[in-house]
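Peer 1: What follows is model-v4.csv; its format and atoms are CSV, C-alpha atoms.
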```
chain,number,residue,atom,x,y,z
A,1,MET,CA,-12.4,18.5,70.1
A,2,PRO,CA,-11.8,15.7,67.5
A,3,HIS,CA,-9.2,13.1,68.3
A,4,ASN,CA,-7.7,12.8,64.8
A,5,ARG,CA,-5.8,16.0,65.0
A,6,PRO,CA,-2.1,15.8,63.8
A,7,ILE,CA,0.3,15.2,66.6
A,8,SER,CA,4.0,15.8,66.9
A,9,PRO,CA,6.3,12.8,66.3
A,10,HIS,CA,6.5,10.3,69.1
A,11,LEU,CA,10.2,10.5,69.9
A,12,GLN,CA,10.4,6.9,70.9
A,13,ILE,CA,9.4,5.5,67.5
A,14,TYR,CA,10.4,8.5,65.3
A,15,THR,CA,13.9,8.3,63.9
A,16,LEU,CA,15.3,11.8,64.1
A,17,PRO,CA,17.3,13.0,61.1
A,18,LEU,CA,20.9,13.9,61.6
A,19,THR,CA,20.1,17.6,61.9
A,20,GLY,CA,17.6,16.7,64.7
A,21,VAL,CA,20.1,14.6,66.6
A,22,ILE,CA,22.6,17.5,66.4
A,23,SER,CA,20.0,20.0,67.5
A,24,ILE,CA,19.1,18.2,70.7
A,25,SER,CA,22.8,17.5,71.3
A,26,HIS,CA,23.5,21.2,71.2
A,27,ARG,CA,21.1,21.6,74.1
A,28,LEU,CA,22.4,18.6,76.0
A,29,THR,CA,26.0,19.8,75.6
A,30,GLY,CA,25.0,23.3,76.6
A,31,VAL,CA,23.5,22.0,79.9
A,32,PHE,CA,26.5,19.7,80.5
A,33,LEU,CA,29.0,22.6,79.9
A,34,ALA,CA,27.0,24.9,82.1
A,35,ILE,CA,27.1,22.5,85.0
A,36,GLY,CA,30.8,22.0,84.2
A,37,LEU,CA,31.4,25.6,85.1
A,38,ALA,CA,31.1,24.6,88.7
A,39,GLY,CA,34.1,22.4,88.1
A,40,PHE,CA,36.1,25.3,86.8
A,41,VAL,CA,35.4,27.4,89.9
A,42,PHE,CA,36.3,24.4,92.1
A,43,MET,CA,39.6,24.0,90.2
A,44,LEU,CA,40.3,27.7,90.4
A,45,ALA,CA,39.8,27.5,94.2
A,46,GLN,CA,42.3,24.6,94.4
A,47,VAL,CA,44.9,26.6,92.6
A,48,LYS,CA,44.3,29.7,94.8
A,49,TYR,CA,44.3,27.7,98.2
A,50,GLY,CA,48.0,26.9,97.7
A,51,MET,CA,50.5,24.3,96.7
A,52,LEU,CA,49.1,21.4,98.6
A,53,THR,CA,45.6,21.6,97.2
A,54,TYR,CA,47.1,22.2,93.8
A,55,LEU,CA,49.1,19.0,93.9
A,56,GLN,CA,46.1,17.0,95.2
A,57,MET,CA,44.0,18.4,92.3
A,58,GLN,CA,46.7,17.6,89.8
A,59,THR,CA,46.9,14.0,91.0
A,60,VAL,CA,43.1,13.6,90.6
A,61,LEU,CA,43.2,15.2,87.2
A,62,HIS,CA,45.6,12.5,86.0
A,63,THR,CA,43.4,9.6,87.0
A,64,LEU,CA,41.8,7.7,84.1
A,65,PRO,CA,38.1,8.5,85.0
A,66,ILE,CA,38.8,12.2,85.2
A,67,GLN,CA,40.8,12.1,81.9
A,68,VAL,CA,37.9,10.4,80.2
A,69,PHE,CA,35.5,13.0,81.7
A,70,LEU,CA,37.8,15.9,80.6
A,71,SER,CA,37.9,14.4,77.0
A,72,GLY,CA,34.1,14.3,77.0
A,73,PHE,CA,34.0,17.9,78.3
A,74,ILE,CA,36.3,19.1,75.6
A,75,TYR,CA,34.3,17.3,72.9
A,76,ALA,CA,31.1,18.8,74.3
A,77,LEU,CA,32.8,22.3,74.2
A,78,MET,CA,34.0,21.9,70.6
A,79,PHE,CA,30.7,20.5,69.4
A,80,HIS,CA,28.7,23.3,71.1
A,81,LEU,CA,31.2,25.8,69.5
A,82,CYS,CA,30.8,24.4,66.0
A,83,HIS,CA,27.0,24.0,66.1
A,84,GLY,CA,26.9,27.5,67.7
A,85,ILE,CA,28.7,29.0,64.7
A,86,ARG,CA,26.2,27.1,62.6
A,87,HIS,CA,23.3,28.8,64.5
A,88,LEU,CA,24.9,32.2,63.9
A,89,ILE,CA,25.1,31.4,60.1
A,90,TRP,CA,21.4,30.5,60.3
A,91,ASP,CA,20.6,33.7,62.2
A,92,ALA,CA,22.3,35.7,59.5
A,93,GLY,CA,19.8,34.1,57.1
A,94,HIS,CA,22.0,31.6,55.2
A,95,SER,CA,22.0,27.9,54.3
A,96,PHE,CA,18.5,26.7,54.9
A,97,SER,CA,18.3,24.4,51.8
A,98,ARG,CA,18.0,20.7,52.2
A,99,GLU,CA,21.4,19.8,50.6
A,100,THR,CA,23.4,22.3,52.6
A,101,LEU,CA,21.7,21.2,55.9
A,102,ARG,CA,23.2,17.7,55.7
A,103,ARG,CA,26.6,18.8,54.3
A,104,TYR,CA,27.0,21.4,57.0
A,105,ALA,CA,25.9,18.9,59.7
A,106,LEU,CA,28.7,16.5,58.6
A,107,MET,CA,31.2,19.4,58.4
A,108,GLU,CA,30.5,20.6,61.9
A,109,LEU,CA,30.8,17.0,63.3
A,110,PHE,CA,34.1,16.6,61.5
A,111,ALA,CA,35.4,20.0,62.6
A,112,SER,CA,34.4,19.4,66.3
A,113,LEU,CA,36.3,16.1,66.2
A,114,VAL,CA,39.4,17.7,64.7
A,115,LEU,CA,39.3,20.5,67.3
A,116,THR,CA,38.9,17.9,70.1
A,117,ILE,CA,41.8,15.8,68.9
A,118,PHE,CA,44.0,18.9,68.6
A,119,SER,CA,43.0,20.2,72.0
A,120,LEU,CA,43.5,16.9,73.7
A,121,ALA,CA,46.9,16.6,72.1
A,122,VAL,CA,47.8,19.9,73.8
A,123,LEU,CA,46.1,19.2,77.1
A,124,LEU,CA,46.7,15.5,78.0
B,1,MET,CA,13.5,40.4,79.9
B,2,LYS,CA,12.1,41.1,76.5
B,3,ALA,CA,12.3,38.1,74.1
B,4,MET,CA,14.2,40.1,71.5
B,5,GLN,CA,16.7,41.3,74.0
B,6,HIS,CA,17.2,37.7,75.3
B,7,TRP,CA,17.8,36.5,71.7
B,8,LYS,CA,20.3,39.3,71.0
B,9,LEU,CA,22.3,38.8,74.2
B,10,GLN,CA,22.4,35.0,73.6
B,11,ARG,CA,24.0,35.7,70.2
B,12,LEU,CA,26.3,38.4,71.4
B,13,THR,CA,27.7,36.3,74.2
B,14,ALA,CA,28.0,33.4,71.8
B,15,ILE,CA,30.2,35.5,69.5
B,16,LEU,CA,32.3,36.8,72.4
B,17,LEU,CA,32.8,33.2,73.7
B,18,ILE,CA,34.5,32.1,70.5
B,19,PRO,CA,37.7,33.9,71.3
B,20,LEU,CA,37.2,34.0,75.1
B,21,SER,CA,37.1,30.2,75.4
B,22,TYR,CA,40.9,30.3,74.8
B,23,TRP,CA,41.4,31.1,78.4
B,24,LEU,CA,39.4,28.1,79.6
B,25,VAL,CA,41.5,25.7,77.5
B,26,ALA,CA,44.7,27.5,78.6
B,27,PHE,CA,43.7,27.3,82.2
B,28,LEU,CA,43.0,23.6,81.9
B,29,GLN,CA,46.3,23.1,80.1
B,30,HIS,CA,48.2,24.7,83.0
B,31,CYS,CA,46.3,22.8,85.7
B,32,LEU,CA,47.1,19.5,83.9
B,33,ASN,CA,50.7,20.1,82.9
B,34,ALA,CA,52.4,23.0,84.8
B,35,ASN,CA,53.7,23.1,88.3
B,36,TYR,CA,52.1,25.2,91.1
B,37,PHE,CA,54.4,28.2,90.5
B,38,GLU,CA,54.0,28.3,86.8
B,39,THR,CA,50.2,28.1,87.0
B,40,SER,CA,50.1,30.8,89.7
B,41,ALA,CA,52.4,33.1,87.7
B,42,TRP,CA,50.2,32.5,84.6
B,43,LEU,CA,47.1,33.4,86.6
B,44,ASN,CA,48.7,36.6,87.9
B,45,GLU,CA,49.6,37.9,84.4
B,46,PRO,CA,47.1,40.7,83.8
B,47,VAL,CA,46.2,39.5,80.3
B,48,ASN,CA,45.2,36.1,81.7
B,49,LYS,CA,43.5,37.4,84.9
B,50,ILE,CA,41.4,39.8,82.8
B,51,GLY,CA,40.8,37.2,80.1
B,52,LEU,CA,39.5,34.7,82.7
B,53,ILE,CA,37.3,37.3,84.4
B,54,VAL,CA,35.8,38.5,81.1
B,55,TRP,CA,35.3,34.8,80.0
B,56,ILE,CA,33.6,33.7,83.3
B,57,LEU,CA,31.3,36.7,83.3
B,58,VAL,CA,30.3,36.2,79.7
B,59,VAL,CA,30.0,32.4,80.0
B,60,CYS,CA,27.9,32.6,83.1
B,61,TYR,CA,25.5,35.0,81.4
B,62,HIS,CA,25.4,32.8,78.3
B,63,ALA,CA,24.7,29.7,80.5
B,64,ALA,CA,22.0,31.5,82.5
B,65,LEU,CA,20.3,32.6,79.2
B,66,GLY,CA,20.5,29.1,77.8
B,67,LEU,CA,19.2,27.3,80.9
B,68,GLN,CA,16.3,29.8,81.0
B,69,VAL,CA,15.2,28.6,77.6
B,70,VAL,CA,15.6,24.9,78.5
B,71,LEU,CA,13.6,25.5,81.7
B,72,GLU,CA,10.9,27.4,79.9
B,73,ASP,CA,10.5,24.5,77.5
B,74,TYR,CA,10.5,21.6,79.9
B,75,VAL,CA,9.0,22.9,83.2
B,76,SER,CA,5.4,23.4,82.3
B,77,HIS,CA,4.1,24.4,85.8
B,78,GLN,CA,4.3,28.2,85.7
B,79,GLY,CA,5.2,28.7,89.4
B,80,LYS,CA,7.9,26.0,89.4
B,81,GLN,CA,9.3,27.4,86.2
B,82,VAL,CA,9.7,30.9,87.7
B,83,VAL,CA,11.4,29.4,90.8
B,84,ALA,CA,13.6,27.1,88.6
B,85,ILE,CA,14.8,30.0,86.5
B,86,TRP,CA,15.5,32.2,89.5
B,87,LEU,CA,17.5,29.4,91.1
B,88,SER,CA,19.4,28.8,87.9
B,89,ASN,CA,20.2,32.6,87.6
B,90,ALA,CA,21.3,32.6,91.2
B,91,PHE,CA,23.6,29.6,90.7
B,92,PHE,CA,25.4,31.2,87.7
B,93,ALA,CA,25.6,34.6,89.5
B,94,LEU,CA,27.3,32.8,92.4
B,95,LEU,CA,29.7,31.0,90.2
B,96,GLY,CA,30.7,34.2,88.4
B,97,LEU,CA,31.1,36.1,91.7
B,98,SER,CA,33.1,33.5,93.4
B,99,SER,CA,35.4,33.2,90.4
B,100,ILE,CA,36.1,36.9,90.5
B,101,VAL,CA,36.7,36.9,94.2
B,102,LEU,CA,39.2,34.0,93.8
B,103,LEU,CA,40.9,35.6,90.8
B,104,PHE,CA,41.6,38.8,92.8
B,105,GLN,CA,43.1,37.0,95.7
B,106,GLY,CA,46.9,37.0,95.9
```
Taking this structure as input, can you express it in the form of structure tokens?

Peer 2:
Amino acid sequence: MPHNRPISPHLQIYTLPLTGVISISHRLTGVFLAIGLAGFVFMLAQVKYGMLTYLQMQTVLHTLPIQVFLSGFIYALMFHLCHGIRHLIWDAGHSFSRETLRRYALMELFASLVLTIFSLAVLL
Amino acid sequence: MKAMQHWKLQRLTAILLIPLSYWLVAFLQHCLNANYFETSAWLNEPVNKIGLIVWILVVCYHAALGLQVVLEDYVSHQGKQVVAIWLSNAFFALLGLSSIVLLFQG
């Protein structure tokens, strides 16, 4: 086997294009959101156990670290949603050209930011 | 599971989750801002109870399908990969099941 075969880019020295950064972020946010589902079940249990646990949970939810975490969670959700819709458009066979790739990438980043700000305004 | 079926179900659950995610945000909104009685009443309204049940089932399935792909890509050892996917599936099945049990209480 010759040793001069082409190899895949070394990620430590290869600068990913914007679309590549978004692609891996989709995966990372997906894993993060999936783990976050455990948090939902925990919160649901606190509501169902009664008023005392509910009040304790609400106190914790209003602390700064949790609010920062929640904001990150909502951004991850909105980002995953926007890029997910992008994937559905690709699956339908549209927008593979080089110009639309970058334009759509910027659009989905902008849309996820707007959705996050809107949601946080309602939530926090 | 056949690859094509996996692909289709991943997309189907993704489409369903676009509207269904409303219930997650609404749940968080109540937990953050409403008092105990308001949140309990909201949870007991049939439309919200059913909405959350459908959401948690679909999202757990979507998450399990997604995690499976991630594990297939990054766990190269065949035996470990099978175990990891099994554990991941069990984890999301447990989350979905416990949510439904909790939602049907009181």

Peer 1: Let me make sure I understand: among B:His77, B:His30, B:His62, B:Lys2, which one has the smallest atom-to-atom distance to Leu16 of chain B if we use only C-alpha atoms?

Peer 2: B:His62

Peer 1: Report the distance between atom CA of Leu24 of chain B and atom CA of Leu95 of chain B in Å, rounded to one decimal place.

Peer 2: 14.7 Å

Peer 1: Quick one: contact table of chain A to chain B, 8 Å max, nearest atom pair and distance in Å to one decimal per residue, counting all atoms listed in the file, chain and number order, as a Markdown table?

Peer 2:
```
| residue | atom | partner | partner_atom | distance |
| --- | --- | --- | --- | --- |
| A:Arg27 | CA | B:Val70 | CA | 7.8 |
| A:Gly30 | CA | B:Gly66 | CA | 7.4 |
| A:Val31 | CA | B:Leu67 | CA | 6.9 |
| A:Ala34 | CA | B:Ala63 | CA | 5.6 |
| A:Leu37 | CA | B:Leu95 | CA | 7.6 |
| A:Ala38 | CA | B:Leu95 | CA | 6.7 |
| A:Val41 | CA | B:Ser99 | CA | 5.8 |
| A:Leu44 | CA | B:Leu102 | CA | 7.2 |
| A:Ala45 | CA | B:Leu102 | CA | 6.5 |
| A:Val47 | CA | B:Ser40 | CA | 7.3 |
| A:Lys48 | CA | B:Leu102 | CA | 6.7 |
| A:Gly50 | CA | B:Tyr36 | CA | 8.0 |
| A:Met51 | CA | B:Tyr36 | CA | 5.9 |
| A:Tyr54 | CA | B:Tyr36 | CA | 6.4 |
| A:Leu55 | CA | B:Tyr36 | CA | 7.4 |
| A:Gln58 | CA | B:Leu32 | CA | 6.2 |
| A:Leu61 | CA | B:Leu32 | CA | 6.7 |
| A:His62 | CA | B:Leu32 | CA | 7.5 |
| A:Leu81 | CA | B:Ile18 | CA | 7.2 |
| A:Gly84 | CA | B:Ala14 | CA | 7.3 |
| A:Leu88 | CA | B:Arg11 | CA | 7.3 |
| A:Ser119 | CA | B:Val25 | CA | 7.9 |
| A:Val122 | CA | B:Gln29 | CA | 7.2 |
| A:Leu123 | CA | B:Gln29 | CA | 4.9 |
| A:Leu124 | CA | B:Leu32 | CA | 7.1 |
```

Peer 1: At a cut-off of 12 Å, using all atoms listed in the file, what residues contact Ile24 of chain A? Leave out same-chain residues fewer than 4 positions from it and give the result as a short mmCIF file (atom, residue, chain, number, x, y, z; two decimals) with C-alpha atoms, keeping the file's coordinate frame.

Peer 2:
```cif
data_model
loop_
_atom_site.label_atom_id
_atom_site.label_comp_id
_atom_site.auth_asym_id
_atom_site.auth_seq_id
_atom_site.Cartn_x
_atom_site.Cartn_y
_atom_site.Cartn_z
CA LEU A 11 10.20 10.50 69.90
CA LEU A 16 15.30 11.80 64.10
CA PRO A 17 17.30 13.00 61.10
CA LEU A 18 20.90 13.90 61.60
CA THR A 19 20.10 17.60 61.90
CA GLY A 20 17.60 16.70 64.70
CA LEU A 28 22.40 18.60 76.00
CA THR A 29 26.00 19.80 75.60
CA GLY A 30 25.00 23.30 76.60
CA VAL A 31 23.50 22.00 79.90
CA PHE A 79 30.70 20.50 69.40
CA HIS A 80 28.70 23.30 71.10
CA HIS A 83 27.00 24.00 66.10
CA VAL B 70 15.60 24.90 78.50
#
```

Peer 1: If you measure from atom CA of Thr53 of chain A to atom CA of Lys49 of chain B, what distance in Å do you get, rounded to one decimal?

Peer 2: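 According to the coordinates, atom CA of Thr53 of chain A and atom CA of Lys49 of chain B are separated by 20.1 Å.
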
Peer 1: What's the separation between atom CA of Leu77 of chain A and atom CA of Met43 of chain A, in Å to one decimal place?

Peer 2: 17.5 Å

Peer 1: Could you check the closest approach to Val114 of chain A for each of A:Ile7, A:Met57, A:Cys82, A:Ile13 and tell me which residue wins, using only C-alpha atoms?

Peer 2: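 The shortest atom-to-atom distance to Val114 of chain A comes from A:Cys82.
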
Peer 1: Give the answer as one residue: which of B:Ala41, B:Tyr22, B:Tyr61, B:Ile85 has the shortest atom-to-atom distance to Gln10 of chain B, using all atoms listed in the file?

Peer 2: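 Among B:Ala41, B:Tyr22, B:Tyr61, B:Ile85, it is B:Tyr61 that comes nearest to Gln10 of chain B.
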
Peer 1: Give me the residues within 9 Å of Arg86 of chain A as a ChimeraX atom specification, counting all atoms listed in the file and dropping any in the same chain fewer than 5 places off.

Peer 2: /A:81,91,104-105,108
